[in-house]
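Chemist: Before anything else, here's the structure in question.
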Amino acid sequence: MDFDTYYAKVHGAWLGRVSGSHFGAPLEFRPFSSTQKKYCAGGQKEITGYVKPVDADQVNDDEIYEIVGLVALETKGVDITSEDIAREWDKRLYKMQFTAERVALKNIRKGIMPPDCASEANGNIWYDAIGGQMKADIWGLVAPNCPEIAARYAEIDGKVAHQGVGVEGEIFVAGMISNAFGESNVKELIHKSLELLPPESVYRQFVEKTVSIHQKHKSWRPAREEMLQEWHKIRQELRKSAAFRRRVVFLNRLVGGLHVLPNAGVIVLSLLYGADDAIDPFGRTVCLGGMMALDTDCNCGNIGAIMGTILGAKGIPSAWQDPLKDTFHTYVKGYEHWKISELAQRICQVGQVLAASGQDSEM
């Protein structure tokens with residue numbers, strides 16, 4: 001595609017990612033019933049915009065790792081490894097690490113490199129939590145319409161802190177972002193991106209089940225309930241074989257909401273119920289992600305990035321864009337302060353280098 005088209009979609013994706021994170025942060029892990037009571041008038045109304053004024057200076061931990069991934073590509077080149085990314089984590093991260101990423105970073109600083117730093121044997125009971133999925137966007141953005149390449153980078157990055165379905169979540173969302181440069185129908189987008197995973201993948205099977213649940217229900221609320229019932233069946237099976245600490249600390253009914261699978265279900269249902277909205281497909285889809293609860297800042301960030309890629313920057317209403325003030329901040333040493341427009345430009349430049357490298361390798 002021409003550069004202007006590429007830039008418009010990357011710009012839209014990052015506006016969507018940041019606005020989704022800001023929207024979802026006040027709702028993060030708020031019980032579903034509480035969100036319904038406070039913001040939805042007992043389920044009769046629905047959220048249609050930010051629930052809290054946007055603080056443009058606020059840092060969300062979710063995007064930190066995507067910036068490190070971008071820097072790793074810029075400094076190490078297109079042939080980066082999981083260890084390259086791990087060393088960038090060690091060099092540049094200094095605040096707001098949680099669950100799998102926190103354990104992995106501690107292991108890295110002990111000299112334990114991927115994939116071992118992500119293993120339960122080295123204390124990482126969170127290896128299939130949401131963290132890989134939340135940081136997937138950057139790999140799709142640098143590989144537009146090249147889902148296999150996006151998936152390869154997502155796997156490289158995912159193995160720094162995750163294993164199994166934890167990595168597959170990053171592959172799937174990276175694939176959706178990459179495919180969204182050329183596919184605007186979300187049903188097709190989901191289908192094409194699932195093909196990056198093997199048929200026996202539990203992650204793929206769960207997403208396919210979620211799609212079938214959507215087909216049964218006109219409303220998102222009963223669909224959400226059935227999706228979570230399916231997740232809790234899987235959670236109970238995981239508990240049977242889990243070691244004591246993982247079973248008690250992570251795979252309980254409450255904290256289990258950090259697992260990648262139910263959050264993948266939220267992303268998929270939000271896209272399926274919201275993307276065809278006639279008035280504001282971006283806002284409707286992001287708001288659905290927030291109303292469905294669980295890890296809302298991660299989910300709404302991913303949803304925003306997917307929809308932003310489909311719609312481009314001009315497709316995101318000013319009510320969602322303007323409060324951001326074209327501003328984005330991180331806790332990444334040397335890369336703390338950004339203009340979203342300039343970050344999009346930088347992502348596109350890396351994408352061009354990557355595309356040129358791929359063309360050269362085929363000659």
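The chains in the structure tokens are called A, B, ... from first to last as shown; in each chain the residues are counted from 1, and the ligands are counted from 1 in the order shown.
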Write out as a VMD selection string the residues lying within 6 Å of Ala344 of chain A, counting only C-alpha atoms and excluding same-chain residues fewer than 2 positions away.

Modeler: chain A and resid 10 to 11 341 to 342 346 to 347

Chemist: Put those residues in a file: N, CA and C atoms, as a CSV table (one decimal), in the first residue's frame.

Modeler:
chain,number,residue,atom,x,y,z
A,10,VAL,N,-2.0,3.0,10.7
A,10,VAL,CA,-1.2,2.9,11.9
A,10,VAL,C,-1.5,4.0,12.9
A,11,HIS,N,-1.7,5.2,12.5
A,11,HIS,CA,-2.1,6.3,13.3
A,11,HIS,C,-3.4,6.0,14.0
A,341,SER,N,1.1,10.9,16.9
A,341,SER,CA,1.3,11.1,15.4
A,341,SER,C,2.8,10.8,15.1
A,342,GLU,N,3.7,11.2,15.9
A,342,GLU,CA,5.1,10.9,15.6
A,342,GLU,C,5.5,9.4,15.8
A,346,ARG,N,7.0,6.7,13.2
A,346,ARG,CA,8.2,5.8,13.5
A,346,ARG,C,7.9,4.3,13.2
A,347,ILE,N,6.7,3.9,13.6
A,347,ILE,CA,6.2,2.5,13.4
A,347,ILE,C,6.2,2.3,11.9

Chemist: Please build the interface table for segment 268-304 of chain A against segment 180-195 of chain A with a cut-off of 8 Å, listing for each qualifying residue the nearest atom pair and the distance in Å to one decimal; count only C-alpha atoms, order rows by chain and increasing number, and write it as a tab-separated table.

Modeler:
residue	atom	partner	partner_atom	distance
A:Val268	CA	A:Ile190	CA	7.8
A:Leu271	CA	A:Val186	CA	6.6
A:Leu272	CA	A:Val186	CA	6.6
A:Ala275	CA	A:Val186	CA	7.2

Chemist: Would you give me, as a compact mmCIF listing (two decimals) with C-alpha atoms, in the first residue's frame, the residues in segment 42-160 of chain A that DSSP reads as helix (DSSP H, G or I)?

Modeler:
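File states.txt, as written:
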# COMPACT_ATOMS: atom_id res chain seq x y z
CA GLY A 42 -29.17 -1.76 36.00
CA GLY A 43 -28.48 -3.01 32.50
CA ASP A 61 1.73 -0.44 31.66
CA ASP A 62 0.21 -2.31 28.71
CA GLU A 63 1.89 -0.18 26.03
CA ILE A 64 5.32 -0.16 27.66
CA TYR A 65 6.29 -3.52 26.19
CA GLU A 66 5.18 -2.54 22.70
CA ILE A 67 7.57 0.41 22.76
CA VAL A 68 10.39 -1.87 23.90
CA GLY A 69 9.53 -4.22 21.03
CA LEU A 70 9.68 -1.32 18.57
CA VAL A 71 13.03 -0.17 19.98
CA ALA A 72 14.37 -3.72 19.74
CA LEU A 73 13.48 -3.80 16.04
CA GLU A 74 15.11 -0.42 15.50
CA THR A 75 18.33 -1.25 17.34
CA LYS A 76 18.77 -4.98 16.71
CA SER A 82 13.54 -13.41 22.24
CA GLU A 83 16.82 -12.85 24.05
CA ASP A 84 17.29 -9.52 22.25
CA ILE A 85 13.91 -8.36 23.52
CA ALA A 86 14.68 -9.69 27.00
CA ARG A 87 17.88 -7.66 27.12
CA GLU A 88 15.94 -4.55 26.09
CA TRP A 89 13.54 -5.25 28.96
CA ASP A 90 16.50 -5.40 31.33
CA LYS A 91 17.95 -2.18 29.92
CA ARG A 92 14.82 -0.06 29.66
CA THR A 99 2.34 -11.01 37.01
CA ALA A 100 4.15 -12.85 34.18
CA GLU A 101 6.16 -9.82 33.07
CA ARG A 102 7.32 -9.10 36.61
CA VAL A 103 8.52 -12.65 37.18
CA ALA A 104 10.15 -12.85 33.76
CA LEU A 105 12.03 -9.58 34.28
CA LYS A 106 13.31 -10.76 37.67
CA ASN A 107 14.51 -13.96 36.02
CA ILE A 108 16.18 -12.04 33.19
CA ASP A 116 13.28 -20.40 30.66
CA CYS A 117 12.43 -17.03 32.25
CA ALA A 118 8.80 -17.68 31.31
CA GLU A 120 6.72 -22.25 35.91
CA ALA A 121 9.90 -24.04 36.98
CA ASN A 122 11.39 -20.57 37.44
CA GLY A 131 0.20 -10.21 29.07
CA GLY A 132 1.25 -11.61 25.71
CA GLN A 133 -2.07 -10.79 24.10
CA MET A 134 -2.06 -7.23 25.46
CA ASP A 137 -0.50 -4.79 18.39
CA ILE A 138 2.98 -3.58 17.48
CA TRP A 139 3.83 -6.75 15.54
CA GLY A 140 0.76 -6.47 13.32
CA LEU A 141 1.43 -2.80 12.70
CA PRO A 147 0.06 -12.10 9.18
CA GLU A 148 2.65 -14.89 9.14
CA ILE A 149 5.42 -12.35 9.74
CA ALA A 150 3.39 -10.64 12.46
CA ALA A 151 2.81 -14.04 14.06
CA ARG A 152 6.51 -14.88 13.97
CA TYR A 153 7.44 -11.69 15.80
CA ALA A 154 4.56 -12.14 18.24
CA GLU A 155 5.84 -15.61 19.10
CA ILE A 156 9.38 -14.29 19.58
CA ASP A 157 8.09 -11.57 21.90
CA GLY A 158 5.54 -13.78 23.63

Chemist: Tell me which protein, DNA and RNA residues are within 8 Å of segment 324-327 of chain A, counting only C-alpha atoms, leaving out same-chain ones fewer than 3 positions away, and put them as a PyMOL selection string.

Modeler: chain A and resi 18-19+54-57+320-321+337-341

Chemist: Select from segment 238-350 of chain A every residue with an atom at most 12 Å from any atom of segment 198-221 of chain A, then for each give the shortest pair of atoms and their distance in Å to one decimal, using only C-alpha atoms, rows by chain and rising number, as CSV.

Modeler:
residue,atom,partner,partner_atom,distance
A:Leu238,CA,A:Val202,CA,11.7
A:His259,CA,A:Tyr203,CA,11.2
A:Val260,CA,A:Tyr203,CA,8.6
A:Leu261,CA,A:Tyr203,CA,6.6
A:Pro262,CA,A:Phe206,CA,8.8
A:Asn263,CA,A:Val207,CA,10.3
A:Ala264,CA,A:Val207,CA,7.1
A:Gly265,CA,A:Thr210,CA,6.1
A:Val266,CA,A:Thr210,CA,8.9
A:Ile267,CA,A:Val207,CA,9.7
A:Val268,CA,A:Thr210,CA,7.3
A:Leu269,CA,A:His214,CA,6.8
A:Ser270,CA,A:Trp220,CA,8.0
A:Leu271,CA,A:Val211,CA,10.4
A:Leu272,CA,A:His214,CA,7.4
A:Tyr273,CA,A:Trp220,CA,6.7
A:Gly274,CA,A:Trp220,CA,9.4
A:Arg284,CA,A:Trp220,CA,11.9
A:Thr285,CA,A:Trp220,CA,11.2
A:Cys287,CA,A:Trp220,CA,11.9
A:Leu288,CA,A:Trp220,CA,8.3
A:Gly289,CA,A:Trp220,CA,10.4
A:Met291,CA,A:Arg221,CA,9.3
A:Met292,CA,A:Arg221,CA,7.9
A:Ala293,CA,A:Arg221,CA,11.2

Chemist: Take the residues that were just selected and, keeping C-alpha atoms, output them as an mmCIF file, in the first residue's frame.

Modeler:
data_model
loop_
_atom_site.group_PDB
_atom_site.id
_atom_site.type_symbol
_atom_site.label_atom_id
_atom_site.label_comp_id
_atom_site.auth_asym_id
_atom_site.auth_seq_id
_atom_site.Cartn_x
_atom_site.Cartn_y
_atom_site.Cartn_z
ATOM 1 C CA LEU A 238 -6.541 -26.460 34.471
ATOM 2 C CA HIS A 259 -6.089 -15.610 32.081
ATOM 3 C CA VAL A 260 -5.805 -15.005 28.360
ATOM 4 C CA LEU A 261 -8.835 -17.099 27.333
ATOM 5 C CA PRO A 262 -11.801 -15.208 28.836
ATOM 6 C CA ASN A 263 -10.244 -11.931 27.756
ATOM 7 C CA ALA A 264 -9.896 -13.260 24.221
ATOM 8 C CA GLY A 265 -13.603 -14.062 24.447
ATOM 9 C CA VAL A 266 -14.354 -10.456 25.429
ATOM 10 C CA ILE A 267 -12.347 -9.096 22.492
ATOM 11 C CA VAL A 268 -14.074 -11.380 20.003
ATOM 12 C CA LEU A 269 -17.592 -10.727 21.305
ATOM 13 C CA SER A 270 -16.976 -6.971 21.376
ATOM 14 C CA LEU A 271 -15.885 -7.009 17.747
ATOM 15 C CA LEU A 272 -18.781 -9.196 16.638
ATOM 16 C CA TYR A 273 -21.452 -7.159 18.434
ATOM 17 C CA GLY A 274 -19.962 -3.704 17.909
ATOM 18 C CA ARG A 284 -19.462 0.932 20.343
ATOM 19 C CA THR A 285 -16.874 -1.825 20.111
ATOM 20 C CA CYS A 287 -17.451 0.362 25.096
ATOM 21 C CA LEU A 288 -18.631 -3.225 24.811
ATOM 22 C CA GLY A 289 -15.155 -4.353 25.858
ATOM 23 C CA MET A 291 -18.933 -3.253 29.874
ATOM 24 C CA MET A 292 -17.986 -6.935 29.667
ATOM 25 C CA ALA A 293 -15.506 -6.465 32.555
#

Chemist: Report, in Å to a single decimal, how far apart atom CA of Leu196 of chain A and atom CA of Asn179 of chain A are.

Modeler: 11.2 Å

Chemist: Hey, which of A:Gly334, A:Gly283, A:Gly175, A:Pro317 ends up closest to Pro144 of chain A? Count only C-alpha atoms.

Modeler: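 For Pro144 of chain A, the nearest of the candidates is A:Gly175.
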
Chemist: What's around Val78 of chain A at 10 Å? Count only C-alpha atoms, leave out sequence neighbours fewer than 5 positions away in its own chain, and write the answer as a ChimeraX atom specification.

Modeler: /A:72-73,153,350-351,353-355,357-358

Chemist: Next, write the just-selected residues to a file, as a PDB file, in the first residue's frame, keeping N, CA and C atoms as the atom set.

Modeler:
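Printed below is selection.pdb as written:
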ATOM      1  N   ALA A  72      13.551  -2.540  20.051  1.00  0.00           N
ATOM      2  CA  ALA A  72      14.373  -3.717  19.744  1.00  0.00           C
ATOM      3  C   ALA A  72      14.512  -3.904  18.237  1.00  0.00           C
ATOM      4  N   LEU A  73      13.421  -3.705  17.504  1.00  0.00           N
ATOM      5  CA  LEU A  73      13.483  -3.797  16.045  1.00  0.00           C
ATOM      6  C   LEU A  73      14.396  -2.719  15.459  1.00  0.00           C
ATOM      7  N   TYR A 153       6.937 -12.638  14.811  1.00  0.00           N
ATOM      8  CA  TYR A 153       7.438 -11.689  15.803  1.00  0.00           C
ATOM      9  C   TYR A 153       6.668 -11.787  17.112  1.00  0.00           C
ATOM     10  N   VAL A 350       9.702   1.666  10.507  1.00  0.00           N
ATOM     11  CA  VAL A 350      10.175   0.307  10.804  1.00  0.00           C
ATOM     12  C   VAL A 350       9.479  -0.692   9.886  1.00  0.00           C
ATOM     13  N   GLY A 351       8.172  -0.495   9.662  1.00  0.00           N
ATOM     14  CA  GLY A 351       7.451  -1.380   8.755  1.00  0.00           C
ATOM     15  C   GLY A 351       8.014  -1.358   7.348  1.00  0.00           C
ATOM     16  N   VAL A 353      11.160  -0.687   6.517  1.00  0.00           N
ATOM     17  CA  VAL A 353      12.437  -1.408   6.570  1.00  0.00           C
ATOM     18  C   VAL A 353      12.189  -2.910   6.542  1.00  0.00           C
ATOM     19  N   LEU A 354      11.206  -3.326   7.331  1.00  0.00           N
ATOM     20  CA  LEU A 354      10.870  -4.751   7.383  1.00  0.00           C
ATOM     21  C   LEU A 354      10.394  -5.254   6.031  1.00  0.00           C
ATOM     22  N   ALA A 355       9.558  -4.461   5.367  1.00  0.00           N
ATOM     23  CA  ALA A 355       9.071  -4.866   4.043  1.00  0.00           C
ATOM     24  C   ALA A 355      10.213  -4.956   3.031  1.00  0.00           C
ATOM     25  N   SER A 357      13.329  -5.518   3.675  1.00  0.00           N
ATOM     26  CA  SER A 357      14.149  -6.677   4.038  1.00  0.00           C
ATOM     27  C   SER A 357      13.544  -7.958   3.507  1.00  0.00           C
ATOM     28  N   GLY A 358      12.197  -8.060   3.597  1.00  0.00           N
ATOM     29  CA  GLY A 358      11.516  -9.247   3.086  1.00  0.00           C
ATOM     30  C   GLY A 358      11.627  -9.360   1.591  1.00  0.00           C
TER      31      GLY A 358
END

Chemist: Compile the contact shell of Gly304 of chain A as a list in words: residues with an atom at most 7 Å away, counting only C-alpha atoms, same-chain residues fewer than 5 positions apart removed.

Modeler: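 Near Gly304 of chain A, the qualifying residues are Ala13, Gly16, Arg17, Gly20 and Val286 of chain A.
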
Chemist: Kindly save the residues from that selection, with N, CA and C atoms included, as a compact mmCIF listing (two decimals), in the first residue's frame.

Modeler:
# COMPACT_ATOMS: atom_id res chain seq x y z
N ALA A 13 -4.67 3.03 14.54
CA ALA A 13 -4.46 1.93 15.48
C ALA A 13 -3.91 2.42 16.80
N GLY A 16 -6.43 4.37 18.69
CA GLY A 16 -7.37 3.42 19.25
C GLY A 16 -6.81 2.68 20.44
N ARG A 17 -5.55 2.30 20.35
CA ARG A 17 -4.89 1.61 21.46
C ARG A 17 -4.85 2.49 22.70
N GLY A 20 -8.45 3.35 24.00
CA GLY A 20 -9.03 2.16 24.63
C GLY A 20 -8.46 1.90 26.00
N VAL A 286 -15.37 -0.54 21.53
CA VAL A 286 -14.55 -0.32 22.72
C VAL A 286 -15.42 -0.33 23.97

Chemist: Taking only residues of segment 209-295 of chain A that have an atom at most 6 Å from an atom of segment 23-32 of chain A, what is each one's shortest atom pair and its distance in Å to one decimal, using only C-alpha atoms, in chain and number order, as a tab-separated table?

Modeler:
residue	atom	partner	partner_atom	distance
A:Gly290	CA	A:Gly24	CA	5.6
A:Ala293	CA	A:Phe32	CA	5.4
A:Leu294	CA	A:Phe29	CA	4.9
A:Asp295	CA	A:Glu28	CA	5.3

Chemist: Quick one: distance from atom CA of Ile112 of chain A to atom CA of Lys159 of chain A in Å, one decimal?

Modeler: 12.7 Å
